[in-house]
$ cat work_6.cif   # mmCIF, C-alpha atoms, pLDDT in the B column; chains and numbers go by the auth columns
data_my_file
loop_
_atom_site.group_PDB
_atom_site.id
_atom_site.type_symbol
_atom_site.label_atom_id
_atom_site.label_comp_id
_atom_site.label_asym_id
_atom_site.label_seq_id
_atom_site.Cartn_x
_atom_site.Cartn_y
_atom_site.Cartn_z
_atom_site.B_iso_or_equiv
_atom_site.auth_seq_id
_atom_site.auth_asym_id
ATOM 1 C CA MET A 1 -22.685 38.061 -101.379 61.00 329 E
ATOM 2 C CA ILE A 2 -19.490 37.810 -99.303 64.00 330 E
ATOM 3 C CA ALA A 3 -20.703 40.456 -96.849 62.00 331 E
ATOM 4 C CA THR A 4 -24.058 38.692 -96.528 69.00 332 E
ATOM 5 C CA SER A 5 -22.388 35.348 -95.829 73.00 333 E
ATOM 6 C CA THR A 6 -20.121 36.966 -93.246 71.00 334 E
ATOM 7 C CA ALA A 7 -22.970 38.730 -91.457 70.00 335 E
ATOM 8 C CA THR A 8 -25.107 35.602 -91.303 73.00 336 E
ATOM 9 C CA ILE A 9 -23.522 32.178 -91.876 82.00 337 E
ATOM 10 C CA LEU A 10 -19.975 32.893 -90.710 84.00 338 E
ATOM 11 C CA SER A 11 -21.078 35.004 -87.738 83.00 339 E
ATOM 12 C CA GLY A 12 -23.477 32.247 -86.664 82.00 340 E
ATOM 13 C CA TYR A 13 -20.752 29.621 -86.804 87.00 341 E
ATOM 14 C CA LEU A 14 -18.281 31.801 -84.880 87.00 342 E
ATOM 15 C CA PHE A 15 -20.943 32.495 -82.250 84.00 343 E
ATOM 16 C CA ILE A 16 -21.595 28.773 -81.809 87.00 344 E
ATOM 17 C CA VAL A 17 -17.935 27.810 -81.367 89.00 345 E
ATOM 18 C CA GLY A 18 -17.191 30.849 -79.191 88.00 346 E
ATOM 19 C CA ALA A 19 -14.429 32.092 -81.472 88.00 347 E
ATOM 20 C CA VAL A 20 -12.075 35.010 -80.887 86.00 348 E
ATOM 21 C CA PHE A 21 -9.447 36.468 -83.213 87.00 349 E
ATOM 22 C CA CYS A 22 -6.765 33.979 -82.177 87.00 350 E
ATOM 23 C CA SER A 23 -9.050 31.052 -83.036 89.00 351 E
ATOM 24 C CA TYR A 24 -9.046 31.734 -86.790 90.00 352 E
ATOM 25 C CA PRO A 25 -6.865 34.819 -87.353 90.00 353 E
ATOM 26 C CA GLU A 26 -6.573 34.617 -91.148 91.00 354 E
ATOM 27 C CA LEU A 27 -10.241 33.788 -91.727 91.00 355 E
ATOM 28 C CA ILE A 28 -11.546 36.427 -89.328 90.00 356 E
ATOM 29 C CA TYR A 29 -9.234 39.143 -90.655 91.00 357 E
ATOM 30 C CA VAL A 30 -10.077 38.549 -94.336 91.00 358 E
ATOM 31 C CA ALA A 31 -13.788 38.186 -93.582 90.00 359 E
ATOM 32 C CA GLY A 32 -13.618 41.359 -91.503 89.00 360 E
ATOM 33 C CA CYS A 33 -12.163 43.302 -94.434 90.00 361 E
ATOM 34 C CA PHE A 34 -14.990 42.243 -96.722 89.00 362 E
ATOM 35 C CA ALA A 35 -17.606 42.686 -94.000 87.00 363 E
ATOM 36 C CA LEU A 36 -16.533 46.280 -93.428 89.00 364 E
ATOM 37 C CA GLY A 37 -16.401 46.863 -97.172 89.00 365 E
ATOM 38 C CA GLY A 38 -19.897 45.449 -97.594 86.00 366 E
ATOM 39 C CA TRP A 39 -21.174 47.663 -94.791 85.00 367 E
ATOM 40 C CA VAL A 40 -19.783 50.942 -96.162 89.00 368 E
ATOM 41 C CA CYS A 41 -20.973 49.959 -99.649 88.00 369 E
ATOM 42 C CA SER A 42 -24.483 49.401 -98.304 82.00 370 E
ATOM 43 C CA CYS A 43 -24.404 52.798 -96.563 85.00 371 E
ATOM 44 C CA ALA A 44 -23.188 54.576 -99.692 89.00 372 E
ATOM 45 C CA LEU A 45 -25.768 52.901 -101.941 86.00 373 E
ATOM 46 C CA THR A 46 -28.550 53.661 -99.446 81.00 374 E
ATOM 47 C CA LEU A 47 -27.640 57.358 -99.450 86.00 375 E
ATOM 48 C CA LEU A 48 -27.473 57.206 -103.238 87.00 376 E
ATOM 49 C CA LEU A 49 -30.999 55.783 -103.204 81.00 377 E
ATOM 50 C CA VAL A 50 -32.455 58.655 -101.193 81.00 378 E
ATOM 51 C CA ILE A 51 -30.526 61.199 -103.300 85.00 379 E
ATOM 52 C CA ASN A 52 -32.129 59.607 -106.346 85.00 380 E
ATOM 53 C CA ARG A 53 -35.577 59.938 -104.760 80.00 381 E
ATOM 54 C CA ILE A 54 -35.036 63.580 -103.872 83.00 382 E
ATOM 55 C CA SER A 55 -33.635 64.431 -107.311 85.00 383 E
ATOM 56 C CA ASP A 56 -36.769 62.869 -108.834 82.00 384 E
ATOM 57 C CA ILE A 57 -38.728 65.578 -107.053 79.00 385 E
ATOM 58 C CA LEU A 58 -36.455 68.623 -107.269 82.00 386 E
ATOM 59 C CA ALA A 59 -34.566 68.018 -110.503 84.00 387 E
ATOM 60 C CA PRO A 60 -36.259 65.325 -112.615 84.00 388 E
ATOM 61 C CA THR A 61 -34.205 66.216 -115.688 87.00 389 E
ATOM 62 C CA ILE A 62 -30.900 65.712 -113.853 84.00 390 E
ATOM 63 C CA SER A 63 -32.248 62.572 -112.200 84.00 391 E
ATOM 64 C CA GLU A 64 -33.231 61.109 -115.558 85.00 392 E
ATOM 65 C CA PHE A 65 -29.800 61.927 -116.962 85.00 393 E
ATOM 66 C CA LEU A 66 -27.883 60.352 -114.067 84.00 394 E
ATOM 67 C CA PHE A 67 -30.065 57.370 -113.219 84.00 395 E
ATOM 68 C CA THR A 68 -31.204 55.946 -116.543 81.00 396 E
ATOM 69 C CA ASN A 69 -29.699 53.303 -118.805 80.00 397 E
ATOM 70 C CA ASN A 70 -25.984 52.575 -118.369 82.00 398 E
ATOM 71 C CA ARG A 71 -25.290 55.932 -116.694 84.00 399 E
ATOM 72 C CA THR A 72 -26.571 54.443 -113.442 84.00 400 E
ATOM 73 C CA TRP A 73 -23.571 52.080 -113.437 85.00 401 E
ATOM 74 C CA ILE A 74 -21.229 55.039 -113.917 88.00 402 E
ATOM 75 C CA VAL A 75 -22.739 56.770 -110.881 89.00 403 E
ATOM 76 C CA ALA A 76 -22.467 53.495 -108.934 87.00 404 E
ATOM 77 C CA LEU A 77 -18.689 53.532 -109.519 90.00 405 E
ATOM 78 C CA ILE A 78 -18.441 56.162 -106.755 90.00 406 E
ATOM 79 C CA PRO A 79 -19.583 53.850 -103.904 90.00 407 E
ATOM 80 C CA ILE A 80 -17.774 50.906 -105.520 91.00 408 E
ATOM 81 C CA THR A 81 -14.471 52.826 -105.533 93.00 409 E
ATOM 82 C CA TYR A 82 -15.100 53.915 -101.948 93.00 410 E
ATOM 83 C CA THR A 83 -15.766 50.301 -100.938 92.00 411 E
ATOM 84 C CA LEU A 84 -12.579 48.968 -102.522 93.00 412 E
ATOM 85 C CA SER A 85 -10.555 51.718 -100.812 93.00 413 E
ATOM 86 C CA VAL A 86 -11.966 50.772 -97.403 92.00 414 E
ATOM 87 C CA ILE A 87 -11.281 47.062 -97.975 91.00 415 E
ATOM 88 C CA CYS A 88 -7.680 47.626 -99.070 91.00 416 E
ATOM 89 C CA PHE A 89 -6.483 50.554 -96.967 90.00 417 E
ATOM 90 C CA THR A 90 -8.296 50.588 -93.608 89.00 418 E
ATOM 91 C CA PRO A 91 -8.114 48.246 -90.578 87.00 419 E
ATOM 92 C CA ALA A 92 -10.504 45.294 -90.625 87.00 420 E
ATOM 93 C CA ILE A 93 -13.242 44.655 -88.107 86.00 421 E
ATOM 94 C CA ILE A 94 -12.605 41.572 -85.943 87.00 422 E
ATOM 95 C CA PHE A 95 -15.136 39.084 -84.634 86.00 423 E
ATOM 96 C CA ASN A 96 -15.169 38.406 -80.903 83.00 424 E
ATOM 97 C CA SER A 97 -17.730 36.139 -79.281 83.00 425 E
ATOM 98 C CA THR A 98 -17.123 37.864 -75.910 80.00 426 E
ATOM 99 C CA VAL A 99 -18.856 41.025 -77.104 77.00 427 E
ATOM 100 C CA MET A 100 -20.990 39.139 -79.655 76.00 428 E
ATOM 101 C CA ALA A 101 -20.029 41.461 -82.501 79.00 429 E
ATOM 102 C CA TRP A 102 -17.483 42.469 -85.151 82.00 430 E
ATOM 103 C CA ILE A 103 -15.404 45.293 -83.685 80.00 431 E
ATOM 104 C CA GLY A 104 -12.095 46.984 -84.444 79.00 432 E
ATOM 105 C CA ASP A 105 -10.285 45.899 -81.290 76.00 433 E
ATOM 106 C CA PRO A 106 -9.311 42.185 -81.221 75.00 434 E
ATOM 107 C CA LEU A 107 -9.233 42.459 -77.387 71.00 435 E
ATOM 108 C CA ILE A 108 -5.796 40.842 -77.154 75.00 436 E
ATOM 109 C CA PHE A 109 -4.037 43.662 -75.268 75.00 437 E
ATOM 110 C CA GLU A 110 -5.623 45.726 -72.523 75.00 438 E
ATOM 111 C CA GLY A 111 -5.596 49.493 -72.844 73.00 439 E
ATOM 112 C CA ARG A 112 -4.636 49.497 -76.550 73.00 440 E
ATOM 113 C CA SER A 113 -8.054 49.974 -78.113 71.00 441 E
ATOM 114 C CA LYS A 114 -7.049 53.338 -79.619 76.00 442 E
ATOM 115 C CA GLU A 115 -4.453 51.591 -81.786 78.00 443 E
ATOM 116 C CA TYR A 116 -7.227 49.722 -83.583 78.00 444 E
ATOM 117 C CA PHE A 117 -9.536 52.705 -83.954 79.00 445 E
ATOM 118 C CA ASN A 118 -10.792 53.063 -87.527 81.00 446 E
ATOM 119 C CA PRO A 119 -11.664 56.722 -88.207 85.00 447 E
ATOM 120 C CA ILE A 120 -13.078 55.883 -91.643 86.00 448 E
ATOM 121 C CA GLN A 121 -15.657 53.523 -90.156 84.00 449 E
ATOM 122 C CA ASN A 122 -16.660 56.075 -87.548 83.00 450 E
ATOM 123 C CA PHE A 123 -16.796 58.829 -90.171 88.00 451 E
ATOM 124 C CA ASN A 124 -18.894 56.602 -92.436 87.00 452 E
ATOM 125 C CA ASN A 125 -21.415 55.837 -89.690 84.00 453 E
ATOM 126 C CA ILE A 126 -21.758 59.467 -88.596 86.00 454 E
ATOM 127 C CA VAL A 127 -22.168 60.720 -92.176 87.00 455 E
ATOM 128 C CA PHE A 128 -24.631 57.943 -92.935 84.00 456 E
ATOM 129 C CA ILE A 129 -26.780 58.562 -89.851 81.00 457 E
ATOM 130 C CA THR A 130 -26.760 62.332 -90.381 85.00 458 E
ATOM 131 C CA GLY A 131 -27.366 62.013 -94.112 85.00 459 E
ATOM 132 C CA THR A 132 -30.235 59.576 -93.606 80.00 460 E
ATOM 133 C CA ILE A 133 -32.003 61.871 -91.149 80.00 461 E
ATOM 134 C CA VAL A 134 -31.451 65.043 -93.214 84.00 462 E
ATOM 135 C CA PHE A 135 -32.208 63.577 -96.643 83.00 463 E
ATOM 136 C CA TYR A 136 -35.213 61.586 -95.496 77.00 464 E
ATOM 137 C CA GLY A 137 -36.559 64.567 -93.610 78.00 465 E
ATOM 138 C CA ALA A 138 -36.322 66.538 -96.850 81.00 466 E
ATOM 139 C CA TYR A 139 -37.782 63.631 -98.802 77.00 467 E
ATOM 140 C CA CYS A 140 -40.815 63.398 -96.516 74.00 468 E
ATOM 141 C CA PHE A 141 -41.371 67.145 -96.784 76.00 469 E
ATOM 142 C CA PHE A 142 -41.161 67.313 -100.565 76.00 470 E
ATOM 143 C CA MET A 143 -43.152 64.138 -101.108 71.00 471 E
ATOM 144 C CA ALA A 144 -45.955 65.432 -98.907 68.00 472 E
ATOM 145 C CA LYS A 145 -45.874 68.711 -100.806 69.00 473 E
ATOM 146 C CA ARG A 146 -45.695 67.402 -104.365 64.00 474 E
ATOM 147 C CA GLN A 147 -46.399 63.660 -104.015 58.00 475 E
ATOM 148 C CA MET A 148 -43.696 63.120 -106.613 49.00 476 E
ATOM 149 C CA GLY A 149 -46.136 63.532 -109.515 50.00 477 E
ATOM 150 C CA TYR A 150 -47.541 60.027 -108.961 50.00 478 E
ATOM 151 C CA ARG A 151 -50.849 58.871 -107.580 50.00 479 E
ATOM 152 C CA VAL A 152 -50.986 59.078 -103.804 50.00 480 E
ATOM 153 C CA SER A 153 -50.812 55.286 -103.378 55.00 481 E
ATOM 154 C CA SER A 154 -47.794 54.992 -105.696 56.00 482 E
ATOM 155 C CA GLY A 155 -45.888 57.767 -103.971 59.00 483 E
ATOM 156 C CA ARG A 156 -46.641 56.261 -100.575 67.00 484 E
ATOM 157 C CA ASN A 157 -45.464 52.838 -101.749 72.00 485 E
ATOM 158 C CA VAL A 158 -42.116 54.212 -102.982 68.00 486 E
ATOM 159 C CA PHE A 159 -41.701 56.093 -99.705 70.00 487 E
ATOM 160 C CA ILE A 160 -42.366 52.969 -97.603 76.00 488 E
ATOM 161 C CA GLN A 161 -39.858 50.893 -99.593 75.00 489 E
ATOM 162 C CA SER A 162 -37.095 53.470 -99.248 71.00 490 E
ATOM 163 C CA THR A 163 -37.858 54.145 -95.577 75.00 491 E
ATOM 164 C CA LEU A 164 -37.722 50.457 -94.618 78.00 492 E
ATOM 165 C CA ILE A 165 -34.357 49.973 -96.319 73.00 493 E
ATOM 166 C CA CYS A 166 -32.814 53.080 -94.781 74.00 494 E
ATOM 167 C CA SER A 167 -34.257 52.421 -91.317 77.00 495 E
ATOM 168 C CA ILE A 168 -32.565 49.018 -91.114 77.00 496 E
ATOM 169 C CA ASN A 169 -29.206 50.478 -92.169 74.00 497 E
ATOM 170 C CA CYS A 170 -29.550 53.421 -89.817 78.00 498 E
ATOM 171 C CA SER A 171 -30.412 51.178 -86.831 78.00 499 E
ATOM 172 C CA SER A 172 -27.282 49.098 -87.328 78.00 500 E
ATOM 173 C CA ALA A 173 -25.126 52.208 -87.817 78.00 501 E
ATOM 174 C CA ILE A 174 -26.399 53.782 -84.583 80.00 502 E
ATOM 175 C CA VAL A 175 -25.650 50.641 -82.553 78.00 503 E
ATOM 176 C CA TYR A 176 -22.131 50.212 -83.934 75.00 504 E
ATOM 177 C CA SER A 177 -21.346 53.906 -83.556 73.00 505 E
ATOM 178 C CA SER A 178 -22.459 53.835 -79.921 74.00 506 E
ATOM 179 C CA MET A 179 -20.215 50.819 -79.262 71.00 507 E
ATOM 180 C CA MET A 180 -17.179 53.009 -79.953 67.00 508 E
ATOM 181 C CA PHE A 181 -17.997 55.241 -76.975 67.00 509 E
ATOM 182 C CA PHE A 182 -19.569 52.935 -74.369 69.00 510 E
ATOM 183 C CA LYS A 183 -20.404 49.277 -73.799 68.00 511 E
ATOM 184 C CA PRO A 184 -24.072 48.754 -74.688 66.00 512 E
ATOM 185 C CA ASN A 185 -26.476 46.180 -73.315 73.00 513 E
ATOM 186 C CA GLU A 186 -26.072 42.724 -74.869 75.00 514 E
ATOM 187 C CA PHE A 187 -29.611 42.857 -76.279 80.00 515 E
ATOM 188 C CA ILE A 188 -28.765 46.102 -78.080 77.00 516 E
ATOM 189 C CA VAL A 189 -25.655 44.454 -79.525 77.00 517 E
ATOM 190 C CA LEU A 190 -27.729 41.493 -80.729 78.00 518 E
ATOM 191 C CA PHE A 191 -30.225 43.908 -82.253 80.00 519 E
ATOM 192 C CA GLY A 192 -27.364 45.621 -84.087 77.00 520 E
ATOM 193 C CA GLU A 193 -26.102 42.265 -85.369 76.00 521 E
ATOM 194 C CA LEU A 194 -29.599 41.339 -86.542 79.00 522 E
ATOM 195 C CA ALA A 195 -30.011 44.702 -88.263 78.00 523 E
ATOM 196 C CA TRP A 196 -26.615 44.262 -89.940 76.00 524 E
ATOM 197 C CA SER A 197 -27.706 40.852 -91.246 76.00 525 E
ATOM 198 C CA LEU A 198 -30.972 42.303 -92.507 78.00 526 E
ATOM 199 C CA VAL A 199 -29.101 45.117 -94.262 74.00 527 E
ATOM 200 C CA HIS A 200 -27.802 42.665 -96.872 71.00 528 E
ATOM 201 C CA GLY A 201 -30.931 40.553 -97.329 73.00 529 E
ATOM 202 C CA CYS A 202 -34.000 42.702 -96.731 76.00 530 E
ATOM 203 C CA PRO A 203 -33.752 45.047 -99.767 73.00 531 E
ATOM 204 C CA ALA A 204 -34.354 42.136 -102.131 75.00 532 E
ATOM 205 C CA ILE A 205 -37.348 40.942 -100.089 79.00 533 E
ATOM 206 C CA ILE A 206 -38.759 44.477 -99.805 79.00 534 E
ATOM 207 C CA TYR A 207 -38.498 45.095 -103.531 76.00 535 E
ATOM 208 C CA LEU A 208 -39.952 41.713 -104.477 80.00 536 E
ATOM 209 C CA THR A 209 -42.939 42.097 -102.156 80.00 537 E
ATOM 210 C CA MET A 210 -43.661 45.817 -102.554 76.00 538 E
ATOM 211 C CA ASN A 211 -42.371 46.836 -105.998 75.00 539 E
ATOM 212 C CA ARG A 212 -44.716 45.569 -108.710 77.00 540 E
ATOM 213 C CA THR A 213 -42.359 46.379 -111.585 75.00 541 E
ATOM 214 C CA ILE A 214 -39.457 44.384 -110.117 75.00 542 E
ATOM 215 C CA ARG A 215 -41.751 41.540 -109.082 78.00 543 E
ATOM 216 C CA GLN A 216 -43.205 41.239 -112.580 81.00 544 E
ATOM 217 C CA GLU A 217 -39.737 41.349 -114.124 79.00 545 E
ATOM 218 C CA VAL A 218 -38.503 38.518 -111.889 78.00 546 E
ATOM 219 C CA LEU A 219 -41.614 36.450 -112.596 81.00 547 E
ATOM 220 C CA SER A 220 -41.089 36.984 -116.316 82.00 548 E
ATOM 221 C CA TRP A 221 -37.643 35.351 -115.994 77.00 549 E
ATOM 222 C CA PHE A 222 -39.261 32.175 -114.650 77.00 550 E
ATOM 223 C CA ARG A 223 -41.973 32.269 -117.309 76.00 551 E
ATOM 224 C CA LYS A 224 -39.353 32.579 -120.036 69.00 552 E
ATOM 225 C CA SER A 225 -37.346 29.706 -118.573 60.00 553 E
ATOM 226 C CA SER A 226 -40.476 27.569 -118.365 59.00 554 E
ATOM 227 C CA ALA A 227 -41.439 28.447 -121.934 53.00 555 E
ATOM 228 C CA VAL A 228 -37.957 27.541 -123.177 50.00 556 E
ATOM 229 C CA ARG A 229 -38.077 24.170 -121.399 56.00 557 E
ATOM 230 C CA ASP A 230 -41.547 23.419 -122.817 54.00 558 E
ATOM 231 C CA SER A 231 -40.393 24.393 -126.298 56.00 559 E
ATOM 232 C CA GLU A 232 -37.317 22.175 -126.064 55.00 560 E
ATOM 233 C CA LYS A 233 -39.451 19.314 -124.751 56.00 561 E
ATOM 234 C CA ASN A 234 -41.935 19.690 -127.622 55.00 562 E
ATOM 235 C CA ASN A 235 -39.122 19.830 -130.180 54.00 563 E
ATOM 236 C CA THR A 236 -37.579 16.678 -128.737 54.00 564 E
ATOM 237 C CA THR A 237 -40.931 14.876 -128.824 54.00 565 E
ATOM 238 C CA SER A 238 -41.522 15.952 -132.432 54.00 566 E
ATOM 239 C CA GLU A 239 -38.084 14.742 -133.477 51.00 567 E
ATOM 240 C CA GLN A 240 -38.653 11.376 -131.815 51.00 568 E
ATOM 241 C CA ARG A 241 -41.990 10.942 -133.593 53.00 569 E
ATOM 242 C CA SER A 242 -40.414 11.923 -136.922 52.00 570 E
ATOM 243 C CA ASN A 243 -37.631 9.417 -136.446 50.00 571 E
ATOM 244 C CA ARG A 244 -40.126 6.652 -135.661 51.00 572 E
ATOM 245 C CA MET A 245 -42.165 7.416 -138.754 49.00 573 E
ATOM 246 C CA GLU A 246 -39.045 7.310 -140.941 49.00 574 E
ATOM 247 C CA PHE A 247 -38.046 4.013 -139.399 48.00 575 E
#
$ encode --input "work_6.cif" --output "structure tokens"
Amino acid sequence: MIATSTATILSGYLFIVGAVFCSYPELIYVAGCFALGGWVCSCALTLLLVINRISDILAPTISEFLFTNNRTWIVALIPITYTLSVICFTPAIIFNSTVMAWIGDPLIFEGRSKEYFNPIQNFNNIVFITGTIVFYGAYCFFMAKRQMGYRVSSGRNVFIQSTLICSINCSSAIVYSSMMFFKPNEFIVLFGELAWSLVHGCPAIIYLTMNRTIRQEVLSWFRKSSAVRDSEKNNTTSEQRSNRMEF
């Protein structure tokens, strides 16, 4: 939630006012810590997603053991621990309206960019990009070969969902990794910012629109809430009628 707000609402406001680090140093630094943490968490969870898909094909028994019931939360502790470590022990990314992005260098001193270099962020992006290409290449191969044991349409639907999520993350990672080596075109930077914003919001939209099980579960929440309200309303009406009759 914090990372999403930083990538969208806060970034939009800072763009509008033309902010740099010195404009709001405390706000930008703290937001940058959580923004970087949210980014690496998204990368780790996305890789975990594709590993889950591949294990469904190659080792369904292990996949069922690791990714069912409360054991899924235990596995999720790995990216959560990684995220907290990045937030607490690595340099934050800093917003600068001059380059229209969140970068490591606050651009206060010339020729001192190396002092703000964050090797963990660079390592994360390289591992994520490489892992996405390798794992999804393997996933495409094995899904085409075995179709995951589902009907063709079901297997294709799962593949499209996972591919859309990973493609958005990978696009943002490529842009931000390239920014560490050369100054990209401003439209590429804006594309990276847009992809970063979509990273935190699109998975929910993709799942709600393309995953029938999740969509039905969410709709059932609203049906239950509506049923509870109707029941309470009926009980209240019955009590009022009973009180009138007694009177």
$ closest_residue --input "work_6.cif" --among "E:Asn424, E:Ser370, E:Asn397, E:Ser333" --to "Cys350 in chain E" --atoms "only C-alpha atoms"
E:Asn424
$ closest_atom_pairs --input "work_6.cif" --of "range 337-446 of chain E" --to "range 523-532 of chain E" --cutoff "12 Å" --atoms "all atoms listed in the file" --output "JSON lines"
{"residue": "E:Ile337", "atom": "CA", "partner": "E:Ser525", "partner_atom": "CA", "distance": 9.7}
{"residue": "E:Leu338", "atom": "CA", "partner": "E:Ser525", "partner_atom": "CA", "distance": 11.1}
{"residue": "E:Ser339", "atom": "CA", "partner": "E:Ser525", "partner_atom": "CA", "distance": 9.5}
{"residue": "E:Gly340", "atom": "CA", "partner": "E:Ser525", "partner_atom": "CA", "distance": 10.6}
{"residue": "E:Ala363", "atom": "CA", "partner": "E:Trp524", "partner_atom": "CA", "distance": 10.0}
{"residue": "E:Leu364", "atom": "CA", "partner": "E:Trp524", "partner_atom": "CA", "distance": 10.9}
{"residue": "E:Gly366", "atom": "CA", "partner": "E:His528", "partner_atom": "CA", "distance": 8.4}
{"residue": "E:Trp367", "atom": "CA", "partner": "E:Trp524", "partner_atom": "CA", "distance": 8.0}
{"residue": "E:Val368", "atom": "CA", "partner": "E:Val527", "partner_atom": "CA", "distance": 11.2}
{"residue": "E:Cys369", "atom": "CA", "partner": "E:His528", "partner_atom": "CA", "distance": 10.4}
{"residue": "E:Ser370", "atom": "CA", "partner": "E:Val527", "partner_atom": "CA", "distance": 7.5}
{"residue": "E:Cys371", "atom": "CA", "partner": "E:Val527", "partner_atom": "CA", "distance": 9.3}
{"residue": "E:Leu373", "atom": "CA", "partner": "E:Pro531", "partner_atom": "CA", "distance": 11.4}
{"residue": "E:Thr374", "atom": "CA", "partner": "E:Val527", "partner_atom": "CA", "distance": 10.0}
{"residue": "E:Leu377", "atom": "CA", "partner": "E:Pro531", "partner_atom": "CA", "distance": 11.6}
{"residue": "E:Ala429", "atom": "CA", "partner": "E:Trp524", "partner_atom": "CA", "distance": 10.3}
{"residue": "E:Trp430", "atom": "CA", "partner": "E:Trp524", "partner_atom": "CA", "distance": 10.5}
$ residues_around --input "work_6.cif" --residues "Val358 in chain E" --least-positions-apart "3" --cutoff "10 Å" --atoms "only C-alpha atoms" --output "PyMOL selection string"
chain E and resi 353-355+361-363+415+420-422
$ resolve_selection --input "work_6.cif" --expression "the PyMOL selection byres ((chain E and resi 499) around 12)" --output "MDAnalysis selection string"
chainID E and resid 371 453 456:457 460:461 491:498 500:506 516:527
$ atom_distance --input "work_6.cif" --atom1 "CA of Glu443 in chain E" --atom2 "CA of Val348 in chain E"
18.3 Å
$ atom_distance --input "work_6.cif" --atom1 "CA of Asn380 in chain E" --atom2 "CA of Tyr464 in chain E"
11.5 Å
$ atom_distance --input "work_6.cif" --atom1 "CA of Pro419 in chain E" --atom2 "CA of Gly432 in chain E"
7.4 Å
$ axis_aligned_box --input "work_6.cif" --around "range 443-458 of chain E" --padding-each-side "5 Å" --output "lines of an AutoDock Vina configuration file"
center_x = -15.6
center_y = 56.0
center_z = -87.4
size_x = 32.3
size_y = 22.6
size_z = 21.1
$ resolve_selection --input "work_6.cif" --expression "the PyMOL selection byres ((chain E and resi 425) around 9)" --output "list in words"
Leu342, Phe343, Ile344, Val345, Gly346, Ala347, Val348, Phe423, Asn424, Thr426, Val427, Met428, Ala429 and Trp430 of chain E
$ build_atoms --input "work_6.cif" --residues "range 497-509 of chain E" --atoms "N, CA, C and O atoms" --output "mmCIF file, in the coordinates of the input"
data_model
loop_
_atom_site.group_PDB
_atom_site.id
_atom_site.type_symbol
_atom_site.label_atom_id
_atom_site.label_comp_id
_atom_site.auth_asym_id
_atom_site.auth_seq_id
_atom_site.Cartn_x
_atom_site.Cartn_y
_atom_site.Cartn_z
ATOM 1 N N ASN E 497 -30.610 50.049 -92.132
ATOM 2 C CA ASN E 497 -29.206 50.478 -92.169
ATOM 3 C C ASN E 497 -28.891 51.445 -91.044
ATOM 4 O O ASN E 497 -27.851 51.339 -90.380
ATOM 5 N N CYS E 498 -29.783 52.391 -90.831
ATOM 6 C CA CYS E 498 -29.550 53.421 -89.817
ATOM 7 C C CYS E 498 -29.525 52.813 -88.418
ATOM 8 O O CYS E 498 -28.717 53.213 -87.570
ATOM 9 N N SER E 499 -30.382 51.826 -88.148
ATOM 10 C CA SER E 499 -30.412 51.178 -86.831
ATOM 11 C C SER E 499 -29.082 50.500 -86.535
ATOM 12 O O SER E 499 -28.527 50.636 -85.436
ATOM 13 N N SER E 500 -28.566 49.773 -87.520
ATOM 14 C CA SER E 500 -27.282 49.098 -87.328
ATOM 15 C C SER E 500 -26.156 50.100 -87.147
ATOM 16 O O SER E 500 -25.268 49.918 -86.311
ATOM 17 N N ALA E 501 -26.176 51.190 -87.920
ATOM 18 C CA ALA E 501 -25.126 52.208 -87.817
ATOM 19 C C ALA E 501 -25.125 52.874 -86.442
ATOM 20 O O ALA E 501 -24.066 53.134 -85.866
ATOM 21 N N ILE E 502 -26.299 53.145 -85.903
ATOM 22 C CA ILE E 502 -26.399 53.782 -84.583
ATOM 23 C C ILE E 502 -25.817 52.872 -83.502
ATOM 24 O O ILE E 502 -25.065 53.318 -82.631
ATOM 25 N N VAL E 503 -26.151 51.581 -83.557
ATOM 26 C CA VAL E 503 -25.650 50.641 -82.553
ATOM 27 C C VAL E 503 -24.133 50.550 -82.607
ATOM 28 O O VAL E 503 -23.441 50.640 -81.581
ATOM 29 N N TYR E 504 -23.572 50.379 -83.814
ATOM 30 C CA TYR E 504 -22.131 50.212 -83.934
ATOM 31 C C TYR E 504 -21.375 51.508 -83.630
ATOM 32 O O TYR E 504 -20.242 51.472 -83.134
ATOM 33 N N SER E 505 -21.984 52.637 -83.916
ATOM 34 C CA SER E 505 -21.346 53.906 -83.556
ATOM 35 C C SER E 505 -21.319 54.091 -82.047
ATOM 36 O O SER E 505 -20.327 54.563 -81.479
ATOM 37 N N SER E 506 -22.400 53.703 -81.375
ATOM 38 C CA SER E 506 -22.459 53.835 -79.921
ATOM 39 C C SER E 506 -21.455 52.915 -79.236
ATOM 40 O O SER E 506 -20.927 53.241 -78.159
ATOM 41 N N MET E 507 -21.159 51.760 -79.856
ATOM 42 C CA MET E 507 -20.215 50.819 -79.262
ATOM 43 C C MET E 507 -18.801 51.381 -79.196
ATOM 44 O O MET E 507 -17.961 50.879 -78.442
ATOM 45 N N MET E 508 -18.512 52.403 -79.986
ATOM 46 C CA MET E 508 -17.179 53.009 -79.953
ATOM 47 C C MET E 508 -16.991 53.926 -78.755
ATOM 48 O O MET E 508 -15.872 54.306 -78.437
ATOM 49 N N PHE E 509 -18.089 54.293 -78.078
ATOM 50 C CA PHE E 509 -17.997 55.241 -76.975
ATOM 51 C C PHE E 509 -18.381 54.620 -75.622
ATOM 52 O O PHE E 509 -17.919 55.074 -74.586
#
